[in-house]
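Undergrad: Supplied structure: my_file_15.cif, mmCIF, C-alpha atoms.
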data_upload
#
loop_
_atom_site.label_atom_id
_atom_site.label_comp_id
_atom_site.auth_asym_id
_atom_site.auth_seq_id
_atom_site.Cartn_x
_atom_site.Cartn_y
_atom_site.Cartn_z
CA MET A 1 61.70 -94.66 246.03
CA ASP A 2 62.88 -96.15 242.69
CA ILE A 3 65.98 -98.33 242.34
CA ASP A 4 68.04 -95.56 240.66
CA ASN A 5 67.59 -93.16 243.59
CA LEU A 6 68.21 -95.94 246.13
CA THR A 7 71.48 -96.93 244.45
CA ALA A 8 72.66 -93.33 244.34
CA LYS A 9 71.91 -92.84 248.04
CA LEU A 10 73.76 -96.04 248.99
CA ASN A 11 76.81 -94.87 247.04
CA ASP A 12 76.75 -91.58 248.97
CA ILE A 13 77.19 -93.27 252.37
CA PRO A 14 80.68 -92.29 253.61
CA ARG A 15 83.20 -94.94 254.73
CA GLU A 16 84.93 -92.56 257.18
CA ILE A 17 83.57 -89.61 259.13
CA TYR A 18 85.64 -86.50 259.93
CA PHE A 19 84.32 -83.78 262.20
CA GLY A 20 85.38 -80.71 264.15
CA ARG A 21 83.87 -77.98 266.34
CA VAL A 22 82.85 -74.37 265.88
CA THR A 23 85.15 -72.04 267.81
CA ALA A 24 83.78 -68.65 266.69
CA VAL A 25 81.27 -66.90 264.43
CA GLN A 26 82.50 -63.68 262.84
CA GLY A 27 80.31 -61.78 260.39
CA LEU A 28 79.35 -64.24 257.64
CA PHE A 29 81.99 -66.76 258.73
CA VAL A 30 81.97 -69.86 260.90
CA GLU A 31 85.44 -70.61 262.35
CA VAL A 32 86.13 -74.33 262.80
CA THR A 33 88.99 -76.34 264.38
CA GLY A 34 89.72 -80.00 264.96
CA ILE A 35 89.14 -81.31 261.43
CA ARG A 36 92.04 -83.55 260.39
CA ALA A 37 90.68 -84.50 256.96
CA PRO A 38 92.55 -83.27 253.84
CA VAL A 39 90.03 -80.58 252.94
CA THR A 40 90.42 -77.96 250.18
CA ILE A 41 88.78 -74.68 249.15
CA GLY A 42 85.25 -75.34 247.90
CA ASP A 43 84.69 -78.47 250.01
CA ARG A 44 81.46 -78.71 251.94
CA CYS A 45 80.72 -79.34 255.59
CA THR A 46 77.55 -79.48 257.67
CA VAL A 47 77.10 -77.61 260.95
CA GLU A 48 74.63 -78.99 263.48
CA THR A 49 72.99 -76.04 265.26
CA THR A 50 71.90 -75.91 268.89
CA HIS A 51 68.33 -76.42 267.61
CA GLY A 52 69.27 -79.70 265.91
CA LYS A 53 69.11 -78.19 262.44
CA LYS A 54 71.83 -79.01 259.89
CA VAL A 55 73.26 -76.09 257.90
CA PRO A 56 75.48 -76.79 254.86
CA CYS A 57 78.64 -74.67 254.60
CA GLU A 58 81.46 -74.19 252.10
CA LEU A 59 85.13 -73.86 252.96
CA VAL A 60 86.26 -70.48 251.65
CA SER A 61 89.51 -69.72 253.51
CA PHE A 62 92.20 -71.01 255.87
CA LYS A 63 93.59 -69.10 258.83
CA GLU A 64 96.53 -70.94 260.43
CA ASP A 65 95.02 -74.17 261.84
CA ARG A 66 91.44 -72.88 261.58
CA LEU A 67 88.99 -73.29 258.74
CA LEU A 68 86.75 -70.40 257.72
CA MET A 69 83.42 -71.56 256.35
CA MET A 70 80.47 -69.67 254.92
CA PRO A 71 76.97 -71.12 255.45
CA TYR A 72 74.46 -71.65 252.65
CA GLY A 73 71.69 -70.89 255.12
CA SER A 74 71.08 -68.78 258.21
CA LEU A 75 73.61 -68.46 261.06
CA ASP A 76 70.82 -68.73 263.64
CA GLY A 77 71.59 -71.41 266.22
CA ILE A 78 75.30 -71.71 265.31
CA GLY A 79 77.66 -71.09 268.21
CA PRO A 80 80.92 -72.29 269.82
CA GLY A 81 80.97 -76.05 270.32
CA CYS A 82 78.57 -76.93 267.49
CA ARG A 83 79.62 -80.07 265.64
CA VAL A 84 80.87 -79.73 262.06
CA ASP A 85 80.88 -82.83 259.80
CA VAL A 86 82.90 -83.00 256.58
CA ASP A 87 80.60 -83.99 253.72
CA ASN A 88 81.70 -86.88 251.55
CA ALA A 89 79.82 -85.57 248.51
CA SER A 90 81.59 -83.63 245.79
CA PRO A 91 80.00 -80.43 244.40
CA VAL A 92 78.19 -82.31 241.63
CA ILE A 93 74.64 -82.88 240.47
CA TYR A 94 73.14 -85.85 238.61
CA PRO A 95 70.69 -84.46 236.02
CA HIS A 96 68.16 -86.71 234.32
CA PRO A 97 65.75 -86.12 231.39
CA SER A 98 62.86 -86.33 233.88
CA TRP A 99 64.04 -83.01 235.36
CA LEU A 100 62.19 -81.22 232.57
CA GLY A 101 59.20 -79.39 233.99
CA ARG A 102 60.75 -79.15 237.47
CA ILE A 103 61.93 -76.27 239.68
CA ILE A 104 65.15 -76.88 241.62
CA ASN A 105 67.41 -74.98 244.00
CA ALA A 106 71.15 -74.35 243.83
CA PHE A 107 71.88 -77.87 245.16
CA GLY A 108 69.83 -79.52 242.42
CA GLU A 109 67.06 -80.36 244.92
CA PRO A 110 63.35 -80.08 244.06
CA ILE A 111 61.46 -77.11 245.50
CA ASP A 112 58.21 -77.43 243.53
CA GLY A 113 56.48 -79.97 245.77
CA LYS A 114 56.30 -82.60 243.01
CA GLY A 115 58.36 -85.23 244.81
CA ASP A 116 61.95 -86.41 244.55
CA LEU A 117 64.06 -86.03 241.43
CA VAL A 118 65.42 -89.07 239.60
CA LYS A 119 69.23 -89.05 239.69
CA GLY A 120 71.10 -89.64 236.46
CA ASP A 121 74.04 -92.02 236.20
CA ARG A 122 76.59 -89.39 235.14
CA PRO A 123 77.88 -86.69 237.51
CA CYS A 124 77.94 -83.09 236.25
CA TYR A 125 80.39 -80.89 238.12
CA ILE A 126 78.97 -77.59 239.33
CA LYS A 127 82.16 -75.72 238.40
CA ASN A 128 82.96 -77.38 235.09
CA SER A 129 85.37 -76.20 232.41
CA PRO A 130 84.17 -75.34 228.89
CA PRO A 131 85.06 -77.70 226.03
CA PRO A 132 88.55 -77.06 224.56
CA ALA A 133 88.33 -74.22 222.06
CA GLN A 134 89.90 -76.24 219.23
CA PHE A 135 87.25 -78.98 219.53
CA ARG A 136 84.16 -76.78 219.72
CA ASP A 137 81.84 -76.59 216.74
CA ARG A 138 81.16 -73.31 214.93
CA VAL A 139 78.18 -71.09 215.75
CA LYS A 140 75.64 -71.73 213.00
CA GLY A 141 71.92 -71.79 212.37
CA LYS A 142 69.37 -69.31 213.69
CA VAL A 143 67.40 -69.55 216.91
CA ASP A 144 63.80 -68.35 216.70
CA LEU A 145 63.09 -66.39 219.90
CA GLY A 146 59.61 -65.20 218.89
CA VAL A 147 60.50 -61.51 219.37
CA ARG A 148 60.28 -59.53 216.12
CA ALA A 149 62.94 -56.91 216.87
CA VAL A 150 65.49 -59.52 218.01
CA ASN A 151 64.77 -62.04 215.26
CA THR A 152 65.27 -59.51 212.45
CA PHE A 153 67.70 -56.83 213.68
CA LEU A 154 69.69 -58.87 216.24
CA THR A 155 69.43 -62.45 215.02
CA VAL A 156 70.74 -64.97 217.56
CA CYS A 157 72.47 -68.13 216.32
CA LYS A 158 72.79 -71.53 217.96
CA GLY A 159 75.65 -71.45 220.45
CA GLN A 160 75.80 -67.65 220.60
CA ARG A 161 75.98 -65.78 223.92
CA MET A 162 73.95 -62.58 224.06
CA GLY A 163 73.57 -60.04 226.85
CA ILE A 164 70.46 -57.99 227.64
CA PHE A 165 71.64 -54.71 229.20
CA ALA A 166 69.30 -52.29 230.95
CA GLY A 167 68.66 -50.29 234.09
CA SER A 168 66.03 -51.31 236.62
CA GLY A 169 62.42 -51.33 235.45
CA VAL A 170 63.14 -51.05 231.70
CA GLY A 171 61.97 -54.56 230.78
CA LYS A 172 64.86 -57.06 230.95
CA SER A 173 62.89 -59.79 232.72
CA THR A 174 59.83 -59.25 230.52
CA LEU A 175 61.88 -59.55 227.33
CA MET A 176 63.57 -62.68 228.65
CA SER A 177 60.20 -64.18 229.56
CA MET A 178 58.92 -63.59 226.01
CA MET A 179 61.94 -65.45 224.63
CA ALA A 180 61.56 -68.31 227.12
CA LYS A 181 57.95 -68.85 226.09
CA ASN A 182 58.39 -68.48 222.33
CA THR A 183 61.77 -70.10 221.59
CA ASP A 184 62.06 -73.03 219.20
CA SER A 185 65.05 -74.50 221.10
CA ASP A 186 64.77 -78.13 222.22
CA ILE A 187 65.15 -77.28 225.92
CA ALA A 188 65.24 -74.13 228.05
CA VAL A 189 67.21 -73.89 231.29
CA ILE A 190 66.28 -70.76 233.21
CA GLY A 191 68.31 -69.46 236.15
CA LEU A 192 66.61 -66.84 238.31
CA ILE A 193 69.55 -65.53 240.32
CA GLY A 194 68.80 -63.22 243.23
CA GLU A 195 65.35 -62.35 241.92
CA ARG A 196 62.22 -61.35 243.83
CA GLY A 197 60.60 -64.36 245.45
CA ARG A 198 57.08 -63.37 244.43
CA GLU A 199 58.05 -63.43 240.73
CA ALA A 200 58.85 -67.15 240.64
CA LYS A 201 55.25 -68.37 240.64
CA GLU A 202 54.17 -65.62 238.24
CA PHE A 203 57.00 -66.59 235.87
CA VAL A 204 55.97 -70.26 235.88
CA GLU A 205 52.19 -69.79 235.63
CA ASP A 206 51.81 -66.61 233.57
CA VAL A 207 54.91 -66.63 231.38
CA LEU A 208 55.95 -70.23 230.74
CA GLY A 209 52.60 -71.93 231.17
CA GLU A 210 52.25 -75.72 231.09
CA ASP A 211 53.69 -76.09 227.58
CA GLY A 212 56.71 -73.86 228.27
CA LEU A 213 57.47 -75.50 231.62
CA ALA A 214 57.28 -78.98 230.08
CA LYS A 215 60.48 -78.35 228.13
CA SER A 216 62.23 -76.24 230.78
CA VAL A 217 64.25 -76.65 233.97
CA LEU A 218 64.01 -73.69 236.35
CA VAL A 219 66.84 -73.04 238.84
CA LEU A 220 65.80 -70.59 241.55
CA ALA A 221 67.73 -68.64 244.20
CA THR A 222 65.87 -65.62 245.56
CA SER A 223 67.39 -62.37 246.81
CA ASN A 224 66.96 -63.31 250.50
CA GLU A 225 69.19 -66.40 250.17
CA SER A 226 72.87 -66.42 251.06
CA PRO A 227 75.46 -65.21 248.52
CA LEU A 228 76.77 -68.78 248.23
CA MET A 229 73.32 -70.01 247.17
CA ARG A 230 72.92 -67.18 244.65
CA ARG A 231 76.34 -67.83 243.15
CA GLN A 232 75.87 -71.59 243.04
CA ALA A 233 72.46 -71.29 241.34
CA ALA A 234 74.23 -69.84 238.30
CA TYR A 235 76.75 -72.71 238.27
CA THR A 236 73.94 -75.26 238.66
CA ALA A 237 71.93 -73.77 235.77
CA MET A 238 75.01 -74.02 233.56
CA ALA A 239 75.71 -77.61 234.69
CA VAL A 240 72.14 -78.66 233.79
CA SER A 241 72.53 -76.95 230.40
CA GLU A 242 75.77 -78.83 229.78
CA TYR A 243 74.07 -82.14 230.58
CA PHE A 244 71.39 -81.60 227.93
CA ARG A 245 73.94 -80.20 225.45
CA ASP A 246 75.89 -83.44 225.80
CA GLN A 247 72.66 -85.26 224.90
CA ASN A 248 72.97 -83.44 221.52
CA LYS A 249 70.16 -81.03 222.35
CA ASN A 250 70.05 -77.34 221.42
CA VAL A 251 69.66 -75.65 224.81
CA LEU A 252 68.60 -72.07 225.49
CA CYS A 253 70.21 -71.10 228.82
CA MET A 254 68.82 -67.88 230.31
CA MET A 255 70.06 -66.17 233.46
CA ASP A 256 68.47 -63.23 235.20
CA SER A 257 70.77 -61.73 236.21
CA ILE A 258 74.56 -61.91 235.82
CA THR A 259 74.88 -58.71 237.84
CA ARG A 260 73.42 -60.42 240.92
CA PHE A 261 75.82 -63.32 240.39
CA ALA A 262 78.65 -60.75 240.42
CA MET A 263 77.24 -59.12 243.56
CA ALA A 264 77.09 -62.49 245.33
CA GLN A 265 80.73 -63.17 244.40
CA ARG A 266 81.65 -59.69 245.66
CA GLU A 267 80.00 -60.36 249.03
CA ILE A 268 81.91 -63.63 249.38
CA SER A 269 85.31 -62.27 248.37
CA LEU A 270 85.00 -59.10 250.48
CA SER A 271 84.18 -61.29 253.50
CA VAL A 272 87.33 -63.31 252.87
CA GLY A 273 89.34 -60.08 252.97
CA GLU A 274 89.99 -59.59 249.26
CA PRO A 275 90.55 -55.87 248.53
CA PRO A 276 87.97 -54.09 246.35
CA ALA A 277 89.16 -52.93 242.93
CA SER A 278 86.63 -51.26 240.61
CA LYS A 279 83.51 -49.70 242.20
CA GLY A 280 83.75 -52.14 245.10
CA TYR A 281 84.01 -55.23 242.91
CA THR A 282 86.93 -57.48 243.75
CA PRO A 283 89.35 -58.98 241.18
CA SER A 284 87.85 -62.46 241.72
CA VAL A 285 84.52 -61.20 240.32
CA PHE A 286 86.13 -60.47 236.97
CA ALA A 287 87.95 -63.82 237.11
CA GLU A 288 84.71 -65.76 237.72
CA LEU A 289 82.65 -64.07 234.98
CA PRO A 290 84.49 -65.62 232.01
CA LYS A 291 84.65 -69.01 233.79
CA LEU A 292 80.85 -69.01 233.93
CA LEU A 293 80.01 -67.38 230.59
CA GLU A 294 82.51 -69.35 228.50
CA ARG A 295 80.70 -72.57 229.43
CA ALA A 296 77.86 -71.52 227.12
CA GLY A 297 78.36 -71.97 223.40
CA PRO A 298 78.61 -74.82 220.89
CA GLY A 299 79.76 -78.18 222.17
CA ALA A 300 82.12 -80.73 220.69
CA GLY A 301 79.14 -82.64 219.22
CA THR A 302 75.90 -81.52 217.62
CA GLY A 303 74.49 -79.99 220.81
CA SER A 304 74.85 -76.34 221.78
CA ILE A 305 74.08 -73.89 224.60
CA THR A 306 72.70 -70.56 223.42
CA GLY A 307 73.15 -68.12 226.31
CA LEU A 308 70.95 -65.13 227.11
CA PHE A 309 72.20 -63.21 230.15
CA THR A 310 70.57 -60.11 231.60
CA VAL A 311 72.82 -57.39 233.02
CA LEU A 312 71.47 -54.76 235.42
CA VAL A 313 73.46 -51.61 234.64
CA ASP A 314 74.00 -49.39 237.67
CA GLY A 315 72.38 -45.99 237.27
CA ASP A 316 71.84 -46.58 233.52
CA ASP A 317 75.63 -46.43 233.11
CA HIS A 318 76.38 -49.00 230.42
CA ASN A 319 80.12 -48.62 231.04
CA GLU A 320 80.02 -49.64 234.71
CA PRO A 321 82.51 -52.43 235.57
CA VAL A 322 80.31 -55.54 235.37
CA ALA A 323 78.51 -54.43 232.19
CA ASP A 324 81.82 -53.55 230.55
CA ALA A 325 83.40 -56.89 231.49
CA VAL A 326 80.40 -58.96 230.37
CA ARG A 327 80.07 -57.09 227.08
CA GLY A 328 83.68 -57.96 226.25
CA ILE A 329 83.05 -61.68 226.84
CA LEU A 330 79.73 -62.14 225.03
CA ASP A 331 78.96 -62.35 221.30
CA GLY A 332 76.62 -59.40 221.23
CA HIS A 333 74.40 -57.20 223.34
CA ILE A 334 70.80 -56.01 223.37
CA VAL A 335 70.51 -52.56 224.93
CA LEU A 336 67.18 -51.53 226.46
CA ASP A 337 66.78 -47.75 226.60
CA ARG A 338 64.81 -46.01 229.35
CA ALA A 339 63.96 -43.12 227.00
CA ILE A 340 62.31 -45.55 224.57
CA ALA A 341 60.38 -47.22 227.42
CA GLU A 342 59.18 -43.80 228.58
CA ARG A 343 57.56 -43.18 225.22
CA ASN A 344 55.71 -46.50 225.66
CA ARG A 345 57.41 -48.65 223.03
CA TYR A 346 58.06 -52.18 224.28
CA PRO A 347 60.36 -54.00 224.11
CA ALA A 348 62.44 -50.83 224.52
CA ILE A 349 65.36 -52.06 222.37
CA ASN A 350 67.76 -49.42 221.09
CA ILE A 351 68.56 -50.93 217.70
CA LEU A 352 71.49 -48.62 216.95
CA ARG A 353 73.29 -49.40 220.23
CA SER A 354 72.67 -53.15 220.01
CA ILE A 355 74.60 -55.69 217.97
CA SER A 356 74.73 -59.42 217.22
CA ARG A 357 78.29 -60.34 216.25
CA THR A 358 77.33 -63.63 214.60
CA MET A 359 74.37 -62.24 212.64
CA PRO A 360 76.23 -61.35 209.37
CA ASP A 361 77.32 -64.98 208.91
CA CYS A 362 73.81 -66.35 209.56
CA ASP A 363 71.76 -64.00 207.34
CA THR A 364 71.25 -64.46 203.62
CA PRO A 365 72.43 -61.53 201.43
CA GLU A 366 68.79 -60.50 200.91
CA GLU A 367 68.02 -60.53 204.64
CA TYR A 368 71.19 -58.63 205.47
CA ALA A 369 70.42 -55.95 202.83
CA LEU A 370 66.86 -55.59 204.16
CA VAL A 371 68.01 -55.08 207.76
CA ALA A 372 70.81 -52.71 206.71
CA LYS A 373 68.32 -50.54 204.82
CA ALA A 374 66.02 -50.33 207.84
CA ARG A 375 68.97 -49.50 210.13
CA LYS A 376 69.99 -46.70 207.75
CA TYR A 377 66.53 -45.12 208.02
CA ILE A 378 66.60 -45.35 211.83
CA ALA A 379 70.08 -43.78 211.97
CA SER A 380 69.16 -40.96 209.56
CA TYR A 381 66.06 -40.11 211.57
CA GLU A 382 67.82 -40.25 214.94
CA ASP A 383 70.58 -37.91 213.66
CA MET A 384 67.98 -35.26 212.87
CA ALA A 385 65.44 -36.14 215.58
CA GLU A 386 65.87 -32.93 217.61
CA LEU A 387 65.46 -30.68 214.58
CA ILE A 388 62.46 -32.67 213.39
CA ARG A 389 60.73 -32.45 216.77
CA LEU A 390 61.40 -28.73 217.02
CA GLY A 391 60.08 -28.15 213.50
CA ALA A 392 63.44 -26.73 212.40
CA TYR A 393 63.95 -29.28 209.62
CA LYS A 394 62.53 -28.26 206.25
CA LYS A 395 61.23 -30.96 203.98
CA GLY A 396 63.33 -31.30 200.84
CA SER A 397 66.60 -30.30 202.51
CA ASN A 398 67.88 -33.88 202.41
CA ALA A 399 66.28 -36.67 200.35
CA GLU A 400 67.62 -39.40 202.64
CA VAL A 401 66.17 -37.73 205.74
CA ASP A 402 62.85 -37.22 203.94
CA GLU A 403 62.68 -40.97 203.27
CA ALA A 404 63.64 -41.71 206.88
CA ILE A 405 60.82 -39.47 208.15
CA PHE A 406 58.38 -41.44 205.98
CA TYR A 407 59.51 -44.92 207.04
CA TYR A 408 60.52 -44.29 210.67
CA PRO A 409 57.01 -44.42 212.26
CA LYS A 410 56.31 -47.69 210.42
CA ILE A 411 59.61 -49.22 211.61
CA GLU A 412 58.89 -48.06 215.18
CA ALA A 413 55.51 -49.81 215.03
CA PHE A 414 57.27 -52.92 213.69
CA LEU A 415 59.69 -52.93 216.66
CA ALA A 416 56.86 -52.79 219.20
CA GLN A 417 55.36 -56.10 220.32
CA LYS A 418 52.85 -57.20 222.93
CA LYS A 419 53.98 -59.51 225.72
CA ASN A 420 51.82 -62.45 224.59
CA GLU A 421 52.44 -61.98 220.87
CA LYS A 422 54.70 -64.40 219.00
CA VAL A 423 56.38 -63.54 215.69
CA THR A 424 58.50 -66.13 213.89
CA LEU A 425 61.72 -65.44 211.98
CA ALA A 426 60.00 -65.75 208.60
CA GLN A 427 57.08 -63.51 209.64
CA GLY A 428 59.50 -60.82 210.87
CA TYR A 429 61.38 -60.61 207.57
CA GLU A 430 58.11 -60.63 205.60
CA GLN A 431 56.64 -57.77 207.66
CA LEU A 432 59.81 -55.67 207.43
CA ALA A 433 60.04 -56.27 203.67
CA ALA A 434 56.41 -55.18 203.27
CA ILE A 435 57.13 -51.93 205.14
CA LEU A 436 60.23 -51.04 203.10
CA SER A 437 58.63 -52.03 199.79
CA GLU A 438 55.89 -49.43 200.29
CA PRO A 439 56.66 -46.63 197.81
CA TYR A 440 57.94 -43.41 199.33
CA LYS A 441 55.49 -40.53 198.96
CA SER A 442 57.26 -37.21 198.81
#
As structure tokens, what does this structure read like?

TA:
Amino acid sequence: MDIDNLTAKLNDIPREIYFGRVTAVQGLFVEVTGIRAPVTIGDRCTVETTHGKKVPCELVSFKEDRLLMMPYGSLDGIGPGCRVDVDNASPVIYPHPSWLGRIINAFGEPIDGKGDLVKGDRPCYIKNSPPPAQFRDRVKGKVDLGVRAVNTFLTVCKGQRMGIFAGSGVGKSTLMSMMAKNTDSDIAVIGLIGERGREAKEFVEDVLGEDGLAKSVLVLATSNESPLMRRQAAYTAMAVSEYFRDQNKNVLCMMDSITRFAMAQREISLSVGEPPASKGYTPSVFAELPKLLERAGPGAGTGSITGLFTVLVDGDDHNEPVADAVRGILDGHIVLDRAIAERNRYPAINILRSISRTMPDCDTPEEYALVAKARKYIASYEDMAELIRLGAYKKGSNAEVDEAIFYYPKIEAFLAQKKNEKVTLAQGYEQLAAILSEPYKS
């Protein structure tokens, strides 16, 4: 063990020990009495089970003289009389540059079998506040994500927060993986929140590869873990991003998915007794979303956090509560359309329903005019698509539609991209310009 880790562990040794006993277990809660320490909501304790295992818990509610705690792990082995120790540690992590290339859990602990993590000398609070609005830098400069459709039609800028909205099985995770592999950002912090456990190894080996992982930190909480772990994984991913941002790095923070973060918060708040509001989601869910998402963005220095957050829309309803709330917080949204995926065009981005709010300020006049022209052709074709497919549209009826019919198949081919293909910003504009410069043949 190196001297930095040894010093950190010595500093963590508590001077006083407070403990209590479990009196009851109800649902997801552990009821505790006998603790005389000045504890507050969010503090952590450790329950020693009848099997000798230690389970970390978080204080989520008070009930008269009893404390209601929710475990980060399984309730197996927890019963009346089990000892509960108050942890001295605050909910903080100590990131270090050597964390790049590592996979960690919601506590900032290594889970990749590569040994202990080096602790940094500066604590990063899990639930931090964003920089004051008046001191934040402006969003400026483009981020190359390697995806042709996004780079040209939905350009993302440094410090922007973009959502990827889609139903299940339409390609959110695949699109995010393409961006993670191809981005030109200094560092990528990837939070897999409530995802399938089998996908973690595939994501690291097949998507990121050795080069991608070398400049990434992966925070993992699978769907079988407790709601506290799933929620905290999102906070931890953001705290790691803030650490590297404060090192004046341009960080790409990706989370898959914000919907599962909201579901975890719903489970916690419903267990506490908070009444459901919209489609079963409690008011605290909509209070926590901006607290998390606002932490991404430009910093007070030269560093920035560019946020890409996937949103699983329930039943392909893009106006369901979480999607609607997230869309109002972010700086743009990429909509993946099941109908486009069904006709085998990937990524299945619906250009007309997607928008990047910072794009007009980042594009040159020539780039903006080029993209606007292509959008006009897509819109003209989509307006008449039913008539065209039925053969009811007669050529020559509308010159603009005739042009759209000529260019539309070429633009559709431009929007399609293979999973392992990388297209830079410059290449995307060049290819689109070549398509639109081709003379229209009437």

Undergrad: One number please: atom CA of Ile103 of chain A to atom CA of Glu267 of chain A, in Å, one decimal.

TA: 25.8 Å

Undergrad: At most 10 Å is the cut-off: for each residue in segment 197-305 of chain A with any atom that close to an atom of segment 48-72 of chain A, write down the nearest atom pair and the distance in Å rounded to one decimal, counting all atoms listed in the file, chain first then increasing number, as a tab-separated table.

TA:
residue	atom	partner	partner_atom	distance
A:Glu225	CA	A:Tyr72	CA	7.8
A:Ser226	CA	A:Tyr72	CA	5.7
A:Pro227	CA	A:Tyr72	CA	7.7
A:Leu228	CA	A:Tyr72	CA	5.8
A:Met229	CA	A:Tyr72	CA	5.8
A:Arg230	CA	A:Tyr72	CA	9.3
A:Gln232	CA	A:Tyr72	CA	9.7
A:Ile268	CA	A:Met70	CA	8.3
A:Ser269	CA	A:Val60	CA	8.9
A:Ser271	CA	A:Met70	CA	9.3
A:Val272	CA	A:Ser61	CA	6.8
A:Gly273	CA	A:Ser61	CA	9.7

Undergrad: Output the residue selection produced by the PyMOL selection byres ((chain A and resi 308) around 7) on the file above, formatted as a PyMOL selection string.

TA: chain A and resi 161-163+253-255+306-307+309-310

Undergrad: Expand the PyMOL selection byres ((chain A and resi 372) around 12) into the explicit residue set it covers here, and present it as an MDAnalysis selection string.

TA: chainID A and resid 152:154 351:352 359:360 363 365:371 373:379 432:433 436

Undergrad: Hey, which bits of segment 258-309 of chain A sit within 9 Å of segment 317-324 of chain A, and for each residue what's the closest pair of atoms and how far apart in Å (one decimal), counting only C-alpha atoms, rows by chain and increasing number, as CSV?

TA:
residue,atom,partner,partner_atom,distance
A:Ile258,CA,A:Val322,CA,8.6
A:Thr259,CA,A:Val322,CA,6.8
A:Ala262,CA,A:Val322,CA,7.4
A:Ser278,CA,A:Pro321,CA,6.6
A:Lys279,CA,A:Pro321,CA,7.2
A:Tyr281,CA,A:Pro321,CA,8.0
A:Val285,CA,A:Val322,CA,8.6
A:Phe286,CA,A:Val322,CA,7.8
A:Leu289,CA,A:Val322,CA,8.9

Undergrad: With C-alpha atoms kept, could you save the residues just selected as a PDB file, in the frame of the given file?

TA:
ATOM      1  CA  ILE A 258      74.560 -61.910 235.820  1.00  0.00           C
ATOM      2  CA  THR A 259      74.880 -58.710 237.840  1.00  0.00           C
ATOM      3  CA  ALA A 262      78.650 -60.750 240.420  1.00  0.00           C
ATOM      4  CA  SER A 278      86.630 -51.260 240.610  1.00  0.00           C
ATOM      5  CA  LYS A 279      83.510 -49.700 242.200  1.00  0.00           C
ATOM      6  CA  TYR A 281      84.010 -55.230 242.910  1.00  0.00           C
ATOM      7  CA  VAL A 285      84.520 -61.200 240.320  1.00  0.00           C
ATOM      8  CA  PHE A 286      86.130 -60.470 236.970  1.00  0.00           C
ATOM      9  CA  LEU A 289      82.650 -64.070 234.980  1.00  0.00           C
TER      10      LEU A 289
END

Undergrad: Can you work out the spacing between atom CA of Ala133 of chain A and atom CA of Thr282 of chain A in Å, to one decimal?

TA: 27.4 Å

Undergrad: Of the candidates A:Ser356, A:Ser177, A:Gln247, A:Ser304, which shows the shortest atom-to-atom distance to Arg136 of chain A, using all atoms listed in the file?

TA: A:Ser304

Undergrad: Which residues come within 9 Å of Asp246 of chain A, counting only C-alpha atoms, excluding same-chain residues fewer than 6 positions away, as an NGL selection string?

TA: :A and (299-304)

Undergrad: Evaluate the PyMOL selection byres ((chain A and resi 220-224) around 7) on the structure here and hand back the selected residues as number ranges by chain.

TA: A: 104-106, 191-197, 218-219, 225-226, 229-230, 233

Undergrad: Just write the chosen residues, C-alpha atoms, as a short mmCIF file (atom, residue, chain, number, x, y, z; two decimals), in the frame of the given file.

TA:
data_model
loop_
_atom_site.label_atom_id
_atom_site.label_comp_id
_atom_site.auth_asym_id
_atom_site.auth_seq_id
_atom_site.Cartn_x
_atom_site.Cartn_y
_atom_site.Cartn_z
CA ILE A 104 65.15 -76.88 241.62
CA ASN A 105 67.41 -74.98 244.00
CA ALA A 106 71.15 -74.35 243.83
CA GLY A 191 68.31 -69.46 236.15
CA LEU A 192 66.61 -66.84 238.31
CA ILE A 193 69.55 -65.53 240.32
CA GLY A 194 68.80 -63.22 243.23
CA GLU A 195 65.35 -62.35 241.92
CA ARG A 196 62.22 -61.35 243.83
CA GLY A 197 60.60 -64.36 245.45
CA LEU A 218 64.01 -73.69 236.35
CA VAL A 219 66.84 -73.04 238.84
CA GLU A 225 69.19 -66.40 250.17
CA SER A 226 72.87 -66.42 251.06
CA MET A 229 73.32 -70.01 247.17
CA ARG A 230 72.92 -67.18 244.65
CA ALA A 233 72.46 -71.29 241.34
#

Undergrad: Using all atoms listed in the file, what residues lie at most 9 Å away from (81.8, -78.1, 251.3) (file coordinates), given as a PyMOL selection string?

TA: chain A and resi 39-46+56-60+69+86-91

Undergrad: Would you mind reading off the distance between atom CA of Ala188 of chain A and atom CA of Leu100 of chain A, one decimal, in Å?

TA: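 If I compute the distance from atom CA of Ala188 of chain A to atom CA of Leu100 of chain A, I get 8.9 Å.
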
Undergrad: Would you kindly return, as a list of chain:residue names, each protein, DNA or RNA residue with an atom no farther than 8 Å from any atom of Val401 of chain A, considering only C-alpha atoms and excluding same-chain residues fewer than 2 positions away?

TA: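 In the requested form, the answer reads A:Tyr377, A:Ser380, A:Tyr381, A:Met384, A:Asn398, A:Ala399, A:Glu403, A:Ala404, A:Ile405.
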
Undergrad: Which residues are close to Gly79 of chain A, i.e. within 12 Å by only C-alpha atoms, leaving aside same-chain residues fewer than 3 positions away? Reply as a list in words.

TA: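 Surrounding residues, per the criterion: Arg21, Val22, Thr23, Ala24, Val25, Gln26, Phe29, Val30, Glu31, Val32, Val47, Glu48, Thr49, Thr50, His51, Leu75, Asp76, Cys82, Arg83 and Val84 of chain A.
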
Undergrad: For Thr236 of chain A, which of A:Ser185, A:Asn128, A:Ser168, A:Asn250 is the closest residue, counting all atoms listed in the file?

TA: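 Among A:Ser185, A:Asn128, A:Ser168, A:Asn250, it is A:Asn128 that comes nearest to Thr236 of chain A.
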